[in-house]
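Worksheet: one structure, shown below.
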Amino acid sequence: MSSSASASSRGSERRRPSRAAAVAFAAFATLAFSVPFEARAQGDPLAFRYPIAGIASFGPFAAGGRFWTVSADRNLYVVFPDGRVAAKRAWSGAPPSWLSQDPYGRALIDQGVGTLALVDGYGREIRQFTEPGRLSFPPAFGADGRSFLLSEGAVSCRSSNGHRLWTKVLASAPCAAPVVADSAPGITAFVAFGTRAGKVVVLGPDGRTLAEPDFGRKPVFLQVLLNAGDGTLALLVVLSGGEATVIDAASFLGESTAAKASGVGAAFIRLPGQPVAMAASGTYAYGILEDGTVFAIDSGGRVAWTTTTGLANPLALRAFPERVIAMSGRGASSLSPSGEIFRELAIRNATGAPDVDASGILCSPGADWILYAYDFEKRMTGTRRIPALREDLVAAREAADNRFWWVSGPSMAGETARLLDDIEKNLEWGSIGEDEAGYRSFLLSTALAAAMPDAGRQREAGGAVFPDPLPRARACALLGELGSPTVVEALVTVFLNDPDPAVRTAAAGAIASIGLDPSGTALAAFEQAAANSSGPDEAGALAVIGAIEGIYRGTGRTDDPSGIRAIIRFSQRPYPQSVRNRAMAVLDALRKR
């Protein structure tokens with residue numbers, strides 16, 4: 001497989017030099033391949049090459065700062081853009097048809113009809129679950145890691161730890177992949193997708209229908225844009241026949257119901273043609289036609305520019321704030337956001353589409369069973385969203401005060417137990433749906449009732465009254481099953497401050513169930529508890545060890561040593577033998593990762 005590269009005379013930049021020779025040499029030596037230094041000095045764009053045992057049956061696909069590939073010999077390869085190998089693992093079943101990255105660097109991969117695997121950034125399986133039937137499109141992710149999955153007759157939502165939250169039956173099969181919009185860092189505003197009946201369905205993260213405009217023609221692509229100036233959200237709808245329209249999201253996120261009735265009467269844009277791939281970044285959406293023409297649409301509904309790249313039969317398009325990368329099986333073109341061609345790359349003997357990472361490295365599958373990586377572009381800004389880190393604990397405390405101040409003991413106990421039973425059943429049935437926000441608020445207020453400052457204020461002169469610990473422990477466990485990393489900080493507050501050890505143990509177990517610690521708050525709290533002379537009891541210590549293992553397993557990373565230091569302390573006396581054995585087993589497992 002060979003390549004050639006040239007910079008267009010229309011570009012204002014020259015192709016940046018390749019990686020430093022020392023880094024390249026180390027990568028090549030590891031892979032038992034070499035590229036002559038003279039060739040690199042003359043501007044050869046090859047960054048590294050990595051052998052795989054067979055032609056790539058999937059990928060390479062850029063996600064999470066890695067290239068993911070499954071080869072014909074049924075191995076999953078995960079390679080960093082600098083040539084380091086993150087994983088080579090056996091792959092069971094047919095080659096995947098898609099891979100989607102969540103906001104926490106993990107990947108959801110298709111493993112066959114209805115079977116999905118959530119893996120960490122090193123290809124290790126975190127959990128597996130099934131959907132009824134094959135998914136129509138790759139899932140889309142909300143800011144808190146929840147996934148939205150489209151099958152032939154339904155749309156469903158799962159939390160970041162795989163628990164089903166809701167399912168909605170569709171009147172018409174989906175025909176355009178789902179897109180997700182965040183209204184603020186950590187807050188998912190809506191998910192939208194198209195159906196064969198000519199409608200665009202817009203749902204809130206809880207499954208509530210926000211809009212369902214009817215265009216009378218099949219939507220082909222949906223893209224989320226930012227309105228120029230105020231940064232609010234807009235939804236671009238590309239229809240069959242080469243037309244598009246832009247819907248201001250305020251029409252369905254606010255009080256207006258204008259978009260809920262119909263798409264008729266919308267201002268339509270005549271596109272240069274029917275796009276075969278699209279991508280969006282900021283205020284622009286980009287499309288590419290079958291003849292390689294790239295065009296841009298702004299949030300105001302105007303075609304801003306068109307540029308001919310010469311890439312016949314294009315297969316993919318990637319958009320970054322600084323660049324738009326168009327790719328086919330024979331090469332790639334890099335364009336500025338204003339449509340200038342900056343770089344071009346010709347590729348021969350490729351077996352499929354290449355992909356490009358924010359590092360600027362482009363990876364392509366070769367017919368000679370080698371992945372070729374090219375130093376194609378400068379480092380670009382990634383598009384990964386900022387995950388939510390916390391709920392409003394002040395509001396949760398106020399809710400707790402209201403609940404446990406005004407309601408008498410027996411009636412409060414009965415009502416609390418009834419609501420906890422309802423939530424538990426709905427989680428089991430996967431029917432949380434539109435009640436999610438209310439349920440989460442109730443669970444937070446119950447779990448935090450004795451853990452927040454001034455919790456259980458004096459209701460009467462007799463002194464402070466704390467609610468029964470059993471509902472608090474159940475509330476923690478159910479928060480863990482809901483699976484949102486936004487509640488981790490609240491659970492840490494319970495773990496550190498609740499007066500009952502059973503509740504503290506339940507809080508640690510809930511964090512283990514979520515398996516994420518975006519801010520590092522939980523690992524720091526666990527290290528603090530392990531170092532305390534009056535640390536957790538036996539059950540609490542085992543729960544903390546399990547939570548630390550769950551966090552490290554859930555992300556695949558151990559770069560925060562707080563949890564490891566905590567486990568080392570638990571492996572030593574004066575903790576019981578059961579605790580020390582469990583700690584040593586987890587340490588051994590982490591050492592092997």
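Residue numbers start at 1 in each chain; chains themselves are named A, B, ... in the order of the structure tokens; ligands are numbered from 1 in the order shown.
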
Residues within 6 Å of Asp291 in chain A, only C-alpha atoms, excluding chain neighbours under 2 positions, as an MDAnalysis selection string: chainID A and resid 289 293 312

Exercise: Leu150 in chain A partners within 6 Å, only C-alpha atoms, chain neighbours under 4 positions left out, as a list in words: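 So, after excluding close chain neighbours, the residues are Leu135, Ser136 and Val155 of chain A.
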
Selection near Pro275 in chain A, 8 Å with only C-alpha atoms, sequence-local residues under 6 positions removed, as a list of chain:residue names: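 Near Pro275 in chain A, the qualifying residues are A:Gly242, A:Gly287, A:Ile288, A:Leu289, A:Glu290.
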
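For the choices A:Gly414, A:Pro60, A:Gly563, A:Gly483, the atom-to-atom distance to Ser147 in chain A is smallest for A:Gly483 when using only C-alpha atoms.
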
Near range 116-130 of chain A, 8 Å: range 68-96 of chain A residue rows, closest pairs, only C-alpha atoms, as a Markdown table:
| residue | atom | partner | partner_atom | distance |
| --- | --- | --- | --- | --- |
| A:Leu76 | CA | A:Gly123 | CA | 7.4 |
| A:Tyr77 | CA | A:Gly123 | CA | 7.9 |
| A:Val78 | CA | A:Tyr122 | CA | 6.7 |
| A:Ala86 | CA | A:Tyr122 | CA | 5.4 |
| A:Ala87 | CA | A:Tyr122 | CA | 5.4 |
| A:Lys88 | CA | A:Gly123 | CA | 7.8 |
| A:Arg89 | CA | A:Gly123 | CA | 7.1 |

For Ala539 in chain A: contacts at 9 Å, only C-alpha atoms, fewer than 4 positions along chain excluded, given as a VMD selection string: chain A and resid 501 to 502 505 543 to 544 579

Test item, helix (DSSP H, G or I) assignment across range 246-389 of chain A, answer as number ranges by chain: A: 250-253, 258-261

Deliver the residues from the most recent selection as a file, using N, CA and C atoms, as an mmCIF file, in the first residue's frame.
data_model
loop_
_atom_site.group_PDB
_atom_site.id
_atom_site.type_symbol
_atom_site.label_atom_id
_atom_site.label_comp_id
_atom_site.auth_asym_id
_atom_site.auth_seq_id
_atom_site.Cartn_x
_atom_site.Cartn_y
_atom_site.Cartn_z
ATOM 1 N N ALA A 250 -35.903 26.438 20.307
ATOM 2 C CA ALA A 250 -36.729 27.152 21.276
ATOM 3 C C ALA A 250 -38.209 26.878 21.049
ATOM 4 N N SER A 251 -38.576 26.519 19.818
ATOM 5 C CA SER A 251 -39.983 26.278 19.503
ATOM 6 C C SER A 251 -40.524 25.028 20.190
ATOM 7 N N PHE A 252 -39.628 24.082 20.547
ATOM 8 C CA PHE A 252 -40.124 22.909 21.270
ATOM 9 C C PHE A 252 -39.510 22.751 22.657
ATOM 10 N N LEU A 253 -38.467 23.519 22.976
ATOM 11 C CA LEU A 253 -37.916 23.472 24.329
ATOM 12 C C LEU A 253 -38.580 24.487 25.244
ATOM 13 N N ALA A 258 -45.370 25.744 18.221
ATOM 14 C CA ALA A 258 -45.415 25.900 16.764
ATOM 15 C C ALA A 258 -44.830 24.703 16.041
ATOM 16 N N ALA A 259 -43.747 24.156 16.565
ATOM 17 C CA ALA A 259 -43.087 23.040 15.870
ATOM 18 C C ALA A 259 -43.762 21.709 16.145
ATOM 19 N N LYS A 260 -44.688 21.675 17.104
ATOM 20 C CA LYS A 260 -45.278 20.400 17.477
ATOM 21 C C LYS A 260 -46.345 19.947 16.485
ATOM 22 N N ALA A 261 -46.896 20.878 15.757
ATOM 23 C CA ALA A 261 -48.025 20.530 14.905
ATOM 24 C C ALA A 261 -47.593 19.982 13.551
#

Which residue of A:Met452, A:Ala228, A:Ala524, A:Val303 approaches Ala490 in chain A most closely, using only C-alpha atoms: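 The answer is A:Met452, which sits nearest to Ala490 in chain A.
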
DSSP-assigned strand (DSSP E or B) members of range 418-562 of chain A, reported as a PyMOL selection string: chain A and resi 458-460+463-464

Write out as a short mmCIF file (atom, residue, chain, number, x, y, z; two decimals) with C-alpha atoms, in the first residue's frame each polymer residue whose atoms come within 9 Å of Phe137 in chain A, counting only C-alpha atoms; drop sequence neighbours fewer than 2 positions from it.
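What ended up in around36.cif:
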data_model
loop_
_atom_site.label_atom_id
_atom_site.label_comp_id
_atom_site.auth_asym_id
_atom_site.auth_seq_id
_atom_site.Cartn_x
_atom_site.Cartn_y
_atom_site.Cartn_z
CA TRP A 98 -21.06 0.14 14.24
CA ARG A 134 -31.14 -5.31 15.51
CA LEU A 135 -30.59 -1.57 15.93
CA PRO A 139 -26.88 4.78 19.35
CA ALA A 140 -26.57 8.43 20.36
CA LEU A 149 -31.26 3.20 20.75
CA LEU A 150 -33.43 2.89 17.63
CA SER A 151 -34.76 -0.47 16.47
CA PRO A 174 -36.87 5.12 11.84
CA CYS A 175 -35.01 6.27 8.72
CA ALA A 176 -32.55 8.89 10.03
CA ALA A 177 -29.95 8.31 12.75
CA PRO A 178 -30.56 9.84 16.19
#

Interatomic distance (Å, one decimal) between CA of Ala326 in chain A and CA of Tyr104 in chain A: 26.3 Å

Which residues, written as an mmCIF file with N, CA and C atoms, in the first residue's frame, have at least one atom at most 12 Å from Ser534 in chain A, with only C-alpha atoms counted and residues fewer than 5 positions away on the same chain left out?
data_model
loop_
_atom_site.group_PDB
_atom_site.id
_atom_site.type_symbol
_atom_site.label_atom_id
_atom_site.label_comp_id
_atom_site.auth_asym_id
_atom_site.auth_seq_id
_atom_site.Cartn_x
_atom_site.Cartn_y
_atom_site.Cartn_z
ATOM 1 N N PRO A 501 -23.980 3.189 59.663
ATOM 2 C CA PRO A 501 -23.019 2.480 58.799
ATOM 3 C C PRO A 501 -23.685 1.713 57.665
ATOM 4 N N GLN A 528 -9.823 8.607 52.059
ATOM 5 C CA GLN A 528 -9.968 9.252 53.368
ATOM 6 C C GLN A 528 -10.538 8.272 54.380
ATOM 7 N N ALA A 529 -11.555 7.504 53.984
ATOM 8 C CA ALA A 529 -12.171 6.549 54.908
ATOM 9 C C ALA A 529 -11.203 5.443 55.287
ATOM 10 N N GLY A 540 -18.826 -2.338 55.320
ATOM 11 C CA GLY A 540 -18.516 -1.077 54.655
ATOM 12 C C GLY A 540 -17.213 -1.143 53.894
ATOM 13 N N ALA A 541 -16.193 -1.785 54.476
ATOM 14 C CA ALA A 541 -14.903 -1.894 53.797
ATOM 15 C C ALA A 541 -15.035 -2.720 52.523
ATOM 16 N N PRO A 574 -5.664 -3.354 60.740
ATOM 17 C CA PRO A 574 -6.453 -4.277 61.578
ATOM 18 C C PRO A 574 -7.765 -4.728 60.941
ATOM 19 N N TYR A 575 -7.904 -4.701 59.630
ATOM 20 C CA TYR A 575 -9.159 -5.137 59.014
ATOM 21 C C TYR A 575 -9.268 -6.657 59.046
#

Non-local contacts of Gly54 in chain A (6 Å; only C-alpha atoms; under 3 positions in same chain excluded) as number ranges by chain: A: 71-73, 369

Pairwise distance for CA of Cys157 in chain A and CA of Arg440 in chain A, rounded to one decimal in Å: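 Spanning CA of Cys157 in chain A to CA of Arg440 in chain A is a straight-line distance of 16.1 Å.
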
Top pick for closest residue to Leu226 in chain A, considering A:Gly301, A:Gly65, A:Gly59, A:Gly310 and counting only C-alpha atoms: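 Nearest candidate to Leu226 in chain A out of A:Gly301, A:Gly65, A:Gly59, A:Gly310: A:Gly301.
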
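For the pair CA of Pro321 in chain A and CA of Pro337 in chain A, the interatomic distance is 7.5 Å.
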
Given only C-alpha atoms as the counted atoms, nearest of A:Thr307, A:Ser364, A:Ser159, A:Ser578 to Phe376 in chain A: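 Ranking A:Thr307, A:Ser364, A:Ser159, A:Ser578 by distance to Phe376 in chain A, first place goes to A:Ser364.
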